[in-house]
Amino acid sequence: MMSFQNPFWPGMPGAQGIADLPKQIEAMTQSFTDFLQAKMPPGPAQSMASMNPPLEKVQPLVADLVSAHQQLWQQMLRQPTDAPNTPVVPELAKDRRFANEAWSASPVYDYLRQAYLLNSRFLNGVSEVLPSEDKKETARRRFLTQQFIDALAPSNFAATNPEVIQKALQTEGRSITEGINNLLKDLAKGRISTSDETAFEVGKNLATTEGAVIYENELIQLIQYAPLTAKVGKIPLLITPPCINRFYIMDLQPESSFVRYAVEAGHTVFLISWKNPDQTDAQRTWDDYLTLGPFSAIPVVQAISGSKTMNMLGFCIGGTLLSSALAVLAARGEKPAASLTLLTTMLDFADTGDIDIFVDEASVVAREAAIGKGGLLEGRELMSMFSSLRPNDLIWPYVSGNYLLGNTPQAFDILYWNADATGLPGPMACWYLRNTYLENRMRIPGELRLCGQKVDLGSIDAPTYLFAAREDHIVPWQTAYLVTRLLPGPHRFVLGASGHIVGVINPAGKNRRNYWVDGDQKGDAAHWMQTATEKPGSWWRDWSDWLDAYKGGIKNAPKALGGKGYEPLEAAPGRFVKAR
């Protein structure tokens, strides 16, 4: 571990200069304040007095900025004296970008990585110090600062990445050739490859749970899965997955399939497979998605199962659509839900996390003008937006790995699914953005009219299982918790570890990570967390135990799929999910 010495930063002050910096800060602050006062236009004393408050804000701001520079200089110039072999930057040990031993073998590259992290910390600090009256503007500045920082990491450039140089020498330049070939292939695709896409095929080793499409319309196919137990619950389970991306996130490989787990638990499972919209769907609205989605699926499930009610599950925007549909049905006097499970779902959009920086009045108006009356919000654009929320996981590792190092991404089913993007019809997407993310109208009883009905989420009186993920950057768990204030319940709120997808897809067979349950729901999300109990392993078992109470008894498993008027049309997973 090397010391940070002046030869790298010839303009930096020496040790004595560092010691004198507090006095320099005071002098600089006063000089800057005097300068501003001198530049103020002359006027009555009253006018000058009215401008004093801004000047009072200037002095601490300047002090904060100079103090941040002082701290950066101190860290750049010396390493800790109490632990000579300890990096100046503690975060270095957890940063995967610089984990390869090539970074520590050379004092130059060791300096580069630590200097980069110090400057990253400094820039983030400056971003926080700068004043702003607008919360959204502050969040946008924070986001853009981090995007800039992540893009300029030395690991992203061949000349400053020792792994790239080392591999090029070892392979006699073949890694460079392979990297260029990888880049050309990805340019043809229009996206960065994050998984070995030759390793997977939907219907072959993904989405393989046995079943059949027993109904379809212009927008959905409805799949019924074959029983895996001799007895099943009398009340079936209907799953509404997100219409952004493909449904098979819930039916990955057999050992990580949520669908298979539910079937093995003795449920007759039906699932909506959404069509990836094309130009024939460019006029479809939110109401169309309700009408052709849940409203069309529910009577089919009732006819085949013989049960007027069903357990219902919605995931992400699928949960928002399902809840909208149930509110409309309640307004019509229909209550088909025996229970309701919502996974990482927002109904109150008070805090939408990082996505909020993409949604403001100007951006929504622009969308409405472009595609609000017809058109498509392309899946590629949605994928790019979501990837930008986690660039050090979904962008830059593959830029350096694929193009600089010439590597082929490893096979990873979740990342394969993540790249299998779908779009949304323009009118539907614009309605969703304006009425939820921008204006948050769904939470207000009677504020929205859907399918001709004024809706009230409080009319959905089914018992609910609410799952949120603690590190979710798309649906903040505190926002998912707000559903407990909108639906009457009773509620079982469960908080899982990890993020939006990996938190949900946590197979019971592997029993990894942990989750929290049984917090006090009388307070806010923070109070719930303080009073909750941590449990090891997968939340799937907890959900299965909860849902057992709503099976409605048991009966013999059906010997055939479908029913009168709903004969199987094709084998699961169906052609809708395979269309690229």
# chains A, B, ... in the order shown; residues from 1 in each chain; ligands from 1
$ select_by_dssp --residues "segment 359-459 of chain A" --states "alpha helix (DSSP H)" --output "ChimeraX atom specification"
/A:361-371,379-388,391-394,396-398,413-419,426-432
$ residues_around --residues "Pro336 of chain A" --least-positions-apart "6" --cutoff "8 Å" --atoms "only C-alpha atoms" --output "list in words"
Ile298, Lys308, Thr309, Met310 and Leu326 of chain A
$ closest_atom_pairs --of "segment 90-176 of chain A" --to "segment 387-396 of chain A" --cutoff "9 Å" --atoms "only C-alpha atoms" --output "JSON lines"
{"residue": "A:Arg97", "atom": "CA", "partner": "A:Asn392", "partner_atom": "CA", "distance": 8.5}
{"residue": "A:Phe143", "atom": "CA", "partner": "A:Leu389", "partner_atom": "CA", "distance": 8.5}
{"residue": "A:Gln147", "atom": "CA", "partner": "A:Pro391", "partner_atom": "CA", "distance": 7.7}
{"residue": "A:Asp150", "atom": "CA", "partner": "A:Asn392", "partner_atom": "CA", "distance": 7.0}
{"residue": "A:Ala151", "atom": "CA", "partner": "A:Trp396", "partner_atom": "CA", "distance": 7.5}
{"residue": "A:Ser155", "atom": "CA", "partner": "A:Trp396", "partner_atom": "CA", "distance": 8.6}
{"residue": "A:Asn156", "atom": "CA", "partner": "A:Trp396", "partner_atom": "CA", "distance": 6.8}
$ write_last_selection --atoms "N, CA, C and O atoms" --output "compact mmCIF listing (two decimals), in the first residue's frame"
# COMPACT_ATOMS: atom_id res chain seq x y z
N ARG A 97 -15.33 -3.72 -8.48
CA ARG A 97 -14.64 -3.22 -9.67
C ARG A 97 -13.13 -3.31 -9.52
O ARG A 97 -12.41 -3.43 -10.52
N PHE A 143 -28.61 11.91 -8.71
CA PHE A 143 -28.58 10.81 -9.66
C PHE A 143 -27.57 11.08 -10.77
O PHE A 143 -26.76 10.21 -11.12
N GLN A 147 -24.20 9.07 -11.86
CA GLN A 147 -24.01 8.53 -13.20
C GLN A 147 -22.65 8.97 -13.76
O GLN A 147 -21.93 8.17 -14.37
N ASP A 150 -19.85 7.04 -11.89
CA ASP A 150 -19.76 5.63 -12.29
C ASP A 150 -19.15 5.49 -13.68
O ASP A 150 -18.37 4.57 -13.94
N ALA A 151 -19.49 6.41 -14.57
CA ALA A 151 -18.98 6.32 -15.94
C ALA A 151 -17.48 6.54 -16.01
O ALA A 151 -16.80 5.97 -16.87
N SER A 155 -11.80 1.56 -14.09
CA SER A 155 -12.04 0.20 -14.59
C SER A 155 -12.74 0.21 -15.95
O SER A 155 -12.76 -0.82 -16.64
N ASN A 156 -13.31 1.35 -16.34
CA ASN A 156 -14.06 1.42 -17.60
C ASN A 156 -13.21 1.81 -18.80
O ASN A 156 -13.74 1.94 -19.91
$ residues_around --residues "Thr533 of chain A" --least-positions-apart "6" --cutoff "7 Å" --atoms "only C-alpha atoms" --output "count of residues only"
4
$ atom_distance --atom1 "atom CA of Cys430 of chain A" --atom2 "atom CA of Ile223 of chain A"
28.7 Å
$ select_by_dssp --residues "segment 131-212 of chain A" --states "strand (DSSP E or B)" --output "list of chain:residue names"
A:Val202, A:Leu206, A:Gly211, A:Ala212
$ closest_residue --among "A:Glu216, A:Ile317, A:Phe295, A:Leu424" --to "Thr280 of chain A" --atoms "only C-alpha atoms"
A:Leu424
$ atom_distance --atom1 "atom CA of Phe467 of chain A" --atom2 "atom CA of His500 of chain A"
10.5 Å
